[in-house]
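Everything below concerns the one structure shown next.
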Amino acid sequence: MSLRNVIAIDGPAASGKSTIAQKVADRLGGIYISTGNMYRAITLFLMKNKLNLDSDIDPDQVNSILKKLSLSYTKDSNGKLNLMTNGKAVDSEIRSPDVARHVSKIAAMANVRAWLIEKQRELASLGLVVMEGRDIGTIIFPDAKYKFFLTASPEVRARRRLAQTGETIEGSTVASVAREIAARDEMDSKRKVAPLKKADDAIFIDSSEMTIDEVVNQIVSSIK
Ligand code: DC
């Protein structure tokens with residue numbers, strides 16, 4: 001049976017997923033959820049717990065730190081969900097260049113993904129949910145009725161990332177950001193657990209030459 005209340009949007013970094021998923025949720029009266037933010041929040045929490053993410057990471061150490069972590073959400077006045085770790089809002093801190101640099105390594109760990117999977121599935125009980133990530137249509141909700149795979153050329157994605165504040169280091173150029181994005185894509189698509197991949201039944205959208213509204217309209221009209 002297909003899950004009619006879940007809209008899954010997957011795709012690589014800076015493909016416009018979050019802006020588009022947020023707008024689709026607004027248009028349909030649903031709740032927008034970024035699963036990338038969860039991996040970022042875990043990465044930040046590990047860093048705060050003094051785990052050295054630059055060397056080999058011991059999964060047992062990660063497990064024992066995760067025992068101290070509780071992820072939750074609060075709704076703001078616009079109905080938007082804000083992610084909290086142990087009751088503290090982390091939405092801006094998780095966009096730092098340091099977190100961005102380490103998150104792919106953390107997201108590739110099987111125990112980290114296992115820790116999140118049920119938490120992500122439980123969110124479907126909130127109602128109409130627009131969830132974006134890398135494995136929503138393949139692993140988290142393979143039965144979702146509506147699935148989209150969004151991408152754009154590396155250069156377009158680099159320009160978009162540079163336009164977002166906070167994530168890039170001062171002095172970054174389109175070429176340097178495009179290289180970082182390509183490296184992250186490679187790691188996300190080649191990892192053993194839940195690699196970034198289009199679900200067979202997902203609609204593929206290349207947004208390189210499209211405006212945000214054109215993409216949102218395409219998604220909303222194919223749902224309706
Ligand atoms: O979407 P984002 O850039 O905020 O994602 C941050 C990282 O988390 C990115 O390296 C990929 C990873 N991620 C993942 O592995 N699976 C998801 N469902 C979402 C994000």
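The way I read the labels, and the way they are meant: chains A, B, ... in the order of the structure tokens, residue 1 as the first residue of every chain, and ligand 1 as the first ligand shown, with later ones counted on from there.
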
Throw together the list of residues within 6 Å of ligand 1, counting only C-alpha atoms and all ligand atoms, and drop it here as a PDB file with N, CA, C and O atoms, in the first residue's frame.
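Output file result36.pdb follows:
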```
ATOM      1  N   ALA A  13      23.666  17.728  -2.678  1.00  0.00           N
ATOM      2  CA  ALA A  13      23.813  18.992  -1.962  1.00  0.00           C
ATOM      3  C   ALA A  13      23.553  20.181  -2.888  1.00  0.00           C
ATOM      4  O   ALA A  13      23.936  20.154  -4.055  1.00  0.00           O
ATOM      5  N   THR A  35      16.022  16.136   6.509  1.00  0.00           N
ATOM      6  CA  THR A  35      16.743  15.090   7.245  1.00  0.00           C
ATOM      7  C   THR A  35      18.240  15.393   7.295  1.00  0.00           C
ATOM      8  O   THR A  35      18.939  14.935   8.188  1.00  0.00           O
ATOM      9  N   GLY A  36      18.735  16.202   6.332  1.00  0.00           N
ATOM     10  CA  GLY A  36      20.135  16.628   6.378  1.00  0.00           C
ATOM     11  C   GLY A  36      20.417  17.362   7.691  1.00  0.00           C
ATOM     12  O   GLY A  36      21.498  17.206   8.281  1.00  0.00           O
ATOM     13  N   ASN A  37      19.433  18.140   8.149  1.00  0.00           N
ATOM     14  CA  ASN A  37      19.615  18.858   9.418  1.00  0.00           C
ATOM     15  C   ASN A  37      19.841  17.895  10.585  1.00  0.00           C
ATOM     16  O   ASN A  37      20.541  18.219  11.535  1.00  0.00           O
ATOM     17  N   TYR A  39      21.394  14.937  10.397  1.00  0.00           N
ATOM     18  CA  TYR A  39      22.793  14.484  10.324  1.00  0.00           C
ATOM     19  C   TYR A  39      23.737  15.605  10.762  1.00  0.00           C
ATOM     20  O   TYR A  39      24.752  15.366  11.410  1.00  0.00           O
ATOM     21  N   ARG A  40      23.383  16.830  10.407  1.00  0.00           N
ATOM     22  CA  ARG A  40      24.199  17.970  10.825  1.00  0.00           C
ATOM     23  C   ARG A  40      24.143  18.136  12.346  1.00  0.00           C
ATOM     24  O   ARG A  40      25.162  18.429  12.983  1.00  0.00           O
ATOM     25  N   VAL A 103      30.104  16.389   7.944  1.00  0.00           N
ATOM     26  CA  VAL A 103      28.820  15.674   8.018  1.00  0.00           C
ATOM     27  C   VAL A 103      28.738  14.432   7.124  1.00  0.00           C
ATOM     28  O   VAL A 103      28.139  13.419   7.515  1.00  0.00           O
ATOM     29  N   SER A 104      29.389  14.459   5.942  1.00  0.00           N
ATOM     30  CA  SER A 104      29.276  13.289   5.051  1.00  0.00           C
ATOM     31  C   SER A 104      29.858  12.042   5.702  1.00  0.00           C
ATOM     32  O   SER A 104      29.335  10.933   5.543  1.00  0.00           O
ATOM     33  N   ALA A 107      27.351  10.851   8.204  1.00  0.00           N
ATOM     34  CA  ALA A 107      26.158  10.298   7.548  1.00  0.00           C
ATOM     35  C   ALA A 107      26.447   8.953   6.885  1.00  0.00           C
ATOM     36  O   ALA A 107      25.532   8.213   6.557  1.00  0.00           O
ATOM     37  N   GLY A 133      15.986  14.695   1.601  1.00  0.00           N
ATOM     38  CA  GLY A 133      17.252  14.108   2.024  1.00  0.00           C
ATOM     39  C   GLY A 133      17.945  13.418   0.877  1.00  0.00           C
ATOM     40  O   GLY A 133      17.999  13.931  -0.245  1.00  0.00           O
ATOM     41  N   ARG A 134      18.505  12.247   1.177  1.00  0.00           N
ATOM     42  CA  ARG A 134      19.219  11.494   0.143  1.00  0.00           C
ATOM     43  C   ARG A 134      18.588  10.117  -0.081  1.00  0.00           C
ATOM     44  O   ARG A 134      18.750   9.529  -1.140  1.00  0.00           O
ATOM     45  N   ASP A 135      17.912   9.605   0.957  1.00  0.00           N
ATOM     46  CA  ASP A 135      17.421   8.218   0.930  1.00  0.00           C
ATOM     47  C   ASP A 135      15.959   8.134   1.332  1.00  0.00           C
ATOM     48  O   ASP A 135      15.498   7.097   1.778  1.00  0.00           O
ATOM     49  N   ILE A 136      15.227   9.233   1.185  1.00  0.00           N
ATOM     50  CA  ILE A 136      13.832   9.226   1.664  1.00  0.00           C
ATOM     51  C   ILE A 136      12.974   8.309   0.786  1.00  0.00           C
ATOM     52  O   ILE A 136      12.221   7.472   1.281  1.00  0.00           O
TER      53      ILE A 136
END
```

Among stretch 31-146 of chain A, which residues does DSSP mark as alpha helix (DSSP H) when it is run on the backbone? Keep the chain and numbering as in the structure and answer as a short mmCIF file (atom, residue, chain, number, x, y, z; two decimals) with N, CA and C atoms, in the first residue's frame.
```cif
data_model
loop_
_atom_site.label_atom_id
_atom_site.label_comp_id
_atom_site.auth_asym_id
_atom_site.auth_seq_id
_atom_site.Cartn_x
_atom_site.Cartn_y
_atom_site.Cartn_z
N GLY A 36 18.73 16.20 6.33
CA GLY A 36 20.13 16.63 6.38
C GLY A 36 20.42 17.36 7.69
N ASN A 37 19.43 18.14 8.15
CA ASN A 37 19.61 18.86 9.42
C ASN A 37 19.84 17.90 10.58
N MET A 38 19.24 16.73 10.50
CA MET A 38 19.43 15.75 11.59
C MET A 38 20.87 15.24 11.59
N TYR A 39 21.39 14.94 10.40
CA TYR A 39 22.79 14.48 10.32
C TYR A 39 23.74 15.60 10.76
N ARG A 40 23.38 16.83 10.41
CA ARG A 40 24.20 17.97 10.83
C ARG A 40 24.14 18.14 12.35
N ALA A 41 22.96 17.97 12.93
CA ALA A 41 22.82 18.14 14.38
C ALA A 41 23.62 17.07 15.12
N ILE A 42 23.62 15.85 14.59
CA ILE A 42 24.42 14.79 15.22
C ILE A 42 25.90 15.14 15.11
N THR A 43 26.32 15.60 13.93
CA THR A 43 27.73 15.97 13.72
C THR A 43 28.15 17.06 14.72
N LEU A 44 27.31 18.07 14.87
CA LEU A 44 27.61 19.16 15.81
C LEU A 44 27.70 18.62 17.24
N PHE A 45 26.78 17.74 17.59
CA PHE A 45 26.76 17.18 18.95
C PHE A 45 28.03 16.36 19.21
N LEU A 46 28.46 15.60 18.21
CA LEU A 46 29.70 14.81 18.36
C LEU A 46 30.88 15.75 18.54
N MET A 47 30.90 16.83 17.76
CA MET A 47 32.00 17.80 17.88
C MET A 47 32.00 18.43 19.28
N LYS A 48 30.81 18.76 19.77
CA LYS A 48 30.72 19.38 21.10
C LYS A 48 31.11 18.41 22.20
N PRO A 59 32.94 3.68 16.02
CA PRO A 59 31.48 3.64 16.12
C PRO A 59 30.98 3.46 17.56
N ASP A 60 31.75 2.74 18.39
CA ASP A 60 31.32 2.56 19.79
C ASP A 60 31.29 3.88 20.54
N GLN A 61 32.31 4.70 20.24
CA GLN A 61 32.36 6.01 20.89
C GLN A 61 31.16 6.87 20.45
N VAL A 62 30.85 6.76 19.14
CA VAL A 62 29.70 7.51 18.62
C VAL A 62 28.43 7.02 19.32
N ASN A 63 28.28 5.70 19.45
CA ASN A 63 27.09 5.15 20.11
C ASN A 63 26.96 5.69 21.53
N SER A 64 28.09 5.75 22.25
CA SER A 64 27.94 6.17 23.64
C SER A 64 27.61 7.67 23.71
N ILE A 65 28.08 8.46 22.76
CA ILE A 65 27.69 9.89 22.77
C ILE A 65 26.21 10.03 22.36
N LEU A 66 25.78 9.21 21.38
CA LEU A 66 24.37 9.29 20.93
C LEU A 66 23.39 8.96 22.06
N PRO A 97 30.67 26.02 8.42
CA PRO A 97 31.56 25.30 7.51
C PRO A 97 32.17 24.06 8.17
N ASP A 98 32.41 24.12 9.48
CA ASP A 98 32.99 22.97 10.19
C ASP A 98 32.05 21.76 10.17
N VAL A 99 30.79 22.02 10.42
CA VAL A 99 29.80 20.93 10.38
C VAL A 99 29.70 20.41 8.94
N ALA A 100 29.64 21.33 7.97
CA ALA A 100 29.52 20.92 6.55
C ALA A 100 30.69 20.03 6.14
N ARG A 101 31.86 20.33 6.67
CA ARG A 101 33.07 19.59 6.29
C ARG A 101 33.04 18.15 6.81
N HIS A 102 32.40 17.93 7.95
CA HIS A 102 32.45 16.60 8.56
C HIS A 102 31.20 15.74 8.37
N VAL A 103 30.10 16.39 7.94
CA VAL A 103 28.82 15.67 8.02
C VAL A 103 28.74 14.43 7.12
N SER A 104 29.39 14.46 5.94
CA SER A 104 29.28 13.29 5.05
C SER A 104 29.86 12.04 5.70
N LYS A 105 30.96 12.24 6.44
CA LYS A 105 31.61 11.12 7.12
C LYS A 105 30.67 10.51 8.18
N ILE A 106 29.99 11.38 8.89
CA ILE A 106 29.08 10.92 9.94
C ILE A 106 27.85 10.25 9.31
N ALA A 107 27.35 10.85 8.20
CA ALA A 107 26.16 10.30 7.55
C ALA A 107 26.45 8.95 6.89
N ALA A 110 26.86 3.43 9.53
CA ALA A 110 25.64 2.61 9.61
C ALA A 110 24.92 2.81 10.93
N ASN A 111 25.68 2.95 12.03
CA ASN A 111 25.01 3.08 13.34
C ASN A 111 24.29 4.42 13.47
N VAL A 112 24.85 5.45 12.84
CA VAL A 112 24.19 6.77 12.88
C VAL A 112 22.87 6.70 12.11
N ARG A 113 22.91 6.07 10.94
CA ARG A 113 21.70 5.96 10.12
C ARG A 113 20.65 5.10 10.83
N ALA A 114 21.12 4.03 11.48
CA ALA A 114 20.18 3.15 12.20
C ALA A 114 19.52 3.92 13.35
N TRP A 115 20.29 4.79 13.99
CA TRP A 115 19.77 5.58 15.11
C TRP A 115 18.65 6.51 14.63
N LEU A 116 18.76 6.99 13.38
CA LEU A 116 17.80 7.98 12.88
C LEU A 116 16.58 7.39 12.18
N ILE A 117 16.71 6.17 11.67
CA ILE A 117 15.69 5.67 10.74
C ILE A 117 14.27 5.69 11.34
N GLU A 118 14.13 5.16 12.57
CA GLU A 118 12.78 5.12 13.16
C GLU A 118 12.28 6.52 13.48
N LYS A 119 13.21 7.37 13.93
CA LYS A 119 12.83 8.75 14.25
C LYS A 119 12.27 9.44 13.00
N GLN A 120 12.90 9.16 11.86
CA GLN A 120 12.42 9.79 10.62
C GLN A 120 11.07 9.19 10.20
N ARG A 121 10.92 7.89 10.35
CA ARG A 121 9.65 7.26 9.95
C ARG A 121 8.49 7.73 10.83
N GLU A 122 8.79 7.92 12.13
CA GLU A 122 7.72 8.36 13.05
C GLU A 122 7.13 9.70 12.64
#
```

Would you give me, as JSON lines, each residue of stretch 168-206 of chain A having an atom within 12 Å of an atom of stretch 14-17 of chain A, along with its shortest atom pair and that distance in Å to one decimal, using only C-alpha atoms and sorting by chain and residue number?
```
{"residue": "A:Thr168", "atom": "CA", "partner": "A:Ala14", "partner_atom": "CA", "distance": 11.8}
{"residue": "A:Val177", "atom": "CA", "partner": "A:Ala14", "partner_atom": "CA", "distance": 10.5}
{"residue": "A:Ala178", "atom": "CA", "partner": "A:Ala14", "partner_atom": "CA", "distance": 10.2}
{"residue": "A:Glu180", "atom": "CA", "partner": "A:Ala14", "partner_atom": "CA", "distance": 11.3}
{"residue": "A:Ile181", "atom": "CA", "partner": "A:Ala14", "partner_atom": "CA", "distance": 8.1}
{"residue": "A:Ala182", "atom": "CA", "partner": "A:Ala14", "partner_atom": "CA", "distance": 10.8}
{"residue": "A:Arg184", "atom": "CA", "partner": "A:Ala14", "partner_atom": "CA", "distance": 10.8}
{"residue": "A:Asp185", "atom": "CA", "partner": "A:Ala14", "partner_atom": "CA", "distance": 10.3}
{"residue": "A:Ile205", "atom": "CA", "partner": "A:Ser15", "partner_atom": "CA", "distance": 10.0}
{"residue": "A:Asp206", "atom": "CA", "partner": "A:Ser15", "partner_atom": "CA", "distance": 8.7}
```

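Nearest to A:Ser207 of all the residues A:Leu162, A:Ser72, A:Thr151, A:Ser176 is A:Thr151, counting only C-alpha atoms.
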
Which of A:Arg160, A:Thr138, A:Gly11, A:Ser2 sits closest to A:Asp188 [using only C-alpha atoms]:
A:Gly11

State, in Å with one decimal place, the distance from atom CA of A:Pro12 to atom CA of A:Leu150.
7.5 Å

As JSON, numbers by chain, which residues of stretch 54-127 of chain A does DSSP assign to strand (DSSP E)?
{"A": [71, 72, 73, 74, 75, 81, 82, 83, 84, 85, 88, 89]}

Include all heavy atoms and write out the residues we just selected as an mmCIF file, in the first residue's frame.
```cif
data_model
loop_
_atom_site.group_PDB
_atom_site.id
_atom_site.type_symbol
_atom_site.label_atom_id
_atom_site.label_comp_id
_atom_site.auth_asym_id
_atom_site.auth_seq_id
_atom_site.Cartn_x
_atom_site.Cartn_y
_atom_site.Cartn_z
ATOM 1 N N LEU A 71 16.824 14.243 20.037
ATOM 2 C CA LEU A 71 16.424 15.175 18.979
ATOM 3 C C LEU A 71 14.932 15.417 19.102
ATOM 4 O O LEU A 71 14.161 14.484 19.297
ATOM 5 C CB LEU A 71 16.686 14.564 17.591
ATOM 6 C CG LEU A 71 18.119 14.466 17.060
ATOM 7 C CD1 LEU A 71 18.094 13.946 15.632
ATOM 8 C CD2 LEU A 71 18.832 15.812 17.120
ATOM 9 N N SER A 72 14.536 16.675 19.015
ATOM 10 C CA SER A 72 13.101 16.967 19.062
ATOM 11 C C SER A 72 12.814 18.192 18.200
ATOM 12 O O SER A 72 13.733 18.784 17.638
ATOM 13 C CB SER A 72 12.675 17.230 20.506
ATOM 14 O OG SER A 72 13.427 18.311 21.021
ATOM 15 N N TYR A 73 11.540 18.538 18.103
ATOM 16 C CA TYR A 73 11.159 19.690 17.293
ATOM 17 C C TYR A 73 10.246 20.608 18.087
ATOM 18 O O TYR A 73 9.465 20.144 18.915
ATOM 19 C CB TYR A 73 10.369 19.221 16.064
ATOM 20 C CG TYR A 73 11.247 18.605 14.999
ATOM 21 C CD1 TYR A 73 11.421 17.225 14.937
ATOM 22 C CD2 TYR A 73 11.892 19.400 14.076
ATOM 23 C CE1 TYR A 73 12.231 16.659 13.969
ATOM 24 C CE2 TYR A 73 12.705 18.837 13.102
ATOM 25 C CZ TYR A 73 12.859 17.480 13.052
ATOM 26 O OH TYR A 73 13.660 16.938 12.090
ATOM 27 N N THR A 74 10.343 21.908 17.806
ATOM 28 C CA THR A 74 9.298 22.822 18.283
ATOM 29 C C THR A 74 8.710 23.469 17.041
ATOM 30 O O THR A 74 9.403 23.638 16.034
ATOM 31 C CB THR A 74 9.842 23.973 19.168
ATOM 32 O OG1 THR A 74 10.933 24.576 18.490
ATOM 33 C CG2 THR A 74 10.224 23.481 20.536
ATOM 34 N N LYS A 75 7.444 23.862 17.143
ATOM 35 C CA LYS A 75 6.800 24.546 16.020
ATOM 36 C C LYS A 75 6.902 26.039 16.249
ATOM 37 O O LYS A 75 6.596 26.508 17.347
ATOM 38 C CB LYS A 75 5.313 24.152 15.983
ATOM 39 C CG LYS A 75 4.986 23.197 14.867
ATOM 40 C CD LYS A 75 3.501 23.014 14.713
ATOM 41 C CE LYS A 75 3.261 21.724 13.933
ATOM 42 N NZ LYS A 75 1.897 21.323 13.876
ATOM 43 N N LEU A 81 8.754 23.549 11.661
ATOM 44 C CA LEU A 81 9.408 22.789 12.722
ATOM 45 C C LEU A 81 10.860 23.222 12.874
ATOM 46 O O LEU A 81 11.585 23.321 11.885
ATOM 47 C CB LEU A 81 9.384 21.292 12.387
ATOM 48 C CG LEU A 81 8.046 20.571 12.401
ATOM 49 C CD1 LEU A 81 8.272 19.076 12.205
ATOM 50 C CD2 LEU A 81 7.281 20.816 13.690
ATOM 51 N N ASN A 82 11.274 23.479 14.092
ATOM 52 C CA ASN A 82 12.684 23.793 14.356
ATOM 53 C C ASN A 82 13.321 22.651 15.125
ATOM 54 O O ASN A 82 12.774 22.187 16.130
ATOM 55 C CB ASN A 82 12.803 25.095 15.156
ATOM 56 C CG ASN A 82 12.446 26.289 14.305
ATOM 57 O OD1 ASN A 82 12.847 26.384 13.145
ATOM 58 N ND2 ASN A 82 11.665 27.189 14.866
ATOM 59 N N LEU A 83 14.488 22.249 14.650
ATOM 60 C CA LEU A 83 15.164 21.102 15.257
ATOM 61 C C LEU A 83 15.896 21.516 16.539
ATOM 62 O O LEU A 83 16.543 22.558 16.592
ATOM 63 C CB LEU A 83 16.163 20.554 14.227
ATOM 64 C CG LEU A 83 16.985 19.334 14.626
ATOM 65 C CD1 LEU A 83 16.093 18.149 14.967
ATOM 66 C CD2 LEU A 83 17.932 18.953 13.486
ATOM 67 N N MET A 84 15.765 20.677 17.571
ATOM 68 C CA MET A 84 16.449 20.946 18.836
ATOM 69 C C MET A 84 17.287 19.729 19.221
ATOM 70 O O MET A 84 16.867 18.588 19.026
ATOM 71 C CB MET A 84 15.449 21.138 19.982
ATOM 72 C CG MET A 84 14.129 21.755 19.604
ATOM 73 S SD MET A 84 14.057 23.459 20.077
ATOM 74 C CE MET A 84 13.801 23.304 21.812
ATOM 75 N N THR A 85 18.455 19.975 19.805
ATOM 76 C CA THR A 85 19.192 18.870 20.407
ATOM 77 C C THR A 85 19.200 19.105 21.905
ATOM 78 O O THR A 85 19.577 20.183 22.368
ATOM 79 C CB THR A 85 20.649 18.751 19.883
ATOM 80 O OG1 THR A 85 21.362 19.914 20.250
ATOM 81 C CG2 THR A 85 20.714 18.583 18.390
ATOM 82 N N LYS A 88 17.689 22.354 22.855
ATOM 83 C CA LYS A 88 18.308 23.614 22.424
ATOM 84 C C LYS A 88 18.226 23.741 20.896
ATOM 85 O O LYS A 88 18.578 22.801 20.178
ATOM 86 C CB LYS A 88 19.771 23.595 22.888
ATOM 87 C CG LYS A 88 20.496 24.883 22.724
ATOM 88 C CD LYS A 88 21.871 24.820 23.408
ATOM 89 C CE LYS A 88 22.775 25.925 22.926
ATOM 90 N NZ LYS A 88 23.323 25.744 21.589
ATOM 91 N N ALA A 89 17.761 24.906 20.417
ATOM 92 C CA ALA A 89 17.656 25.118 18.962
ATOM 93 C C ALA A 89 19.050 25.156 18.335
ATOM 94 O O ALA A 89 19.959 25.772 18.878
ATOM 95 C CB ALA A 89 16.929 26.429 18.692
#
```

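Candidate residues A:Leu53, A:Met109, A:Ala25, A:Ile219 were compared for distance to A:Ala202, and the nearest is A:Ile219, using only C-alpha atoms.
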
Given only C-alpha atoms as the basis, pick out the residue of A:Gly30, A:Lys224, A:Ile7, A:Lys197 nearest to A:Leu126.
A:Gly30

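Note that the spacing between atom CA of A:Ser77 and atom CA of A:Ala163 amounts to 26.3 Å.
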
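Closest approach to A:Lys68 from the set A:Arg95, A:Asn49, A:Asn5, A:Pro142 is made by A:Asn49, with distances taken over only C-alpha atoms.
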
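Atom CA of A:Ser18 to atom CA of A:Glu132 spans 6.9 Å [interatomic distance, one decimal].
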
Top pick for closest residue to A:Val6, considering A:Arg179, A:Lys145, A:Arg161, A:Lys80 and counting only C-alpha atoms:
A:Lys145
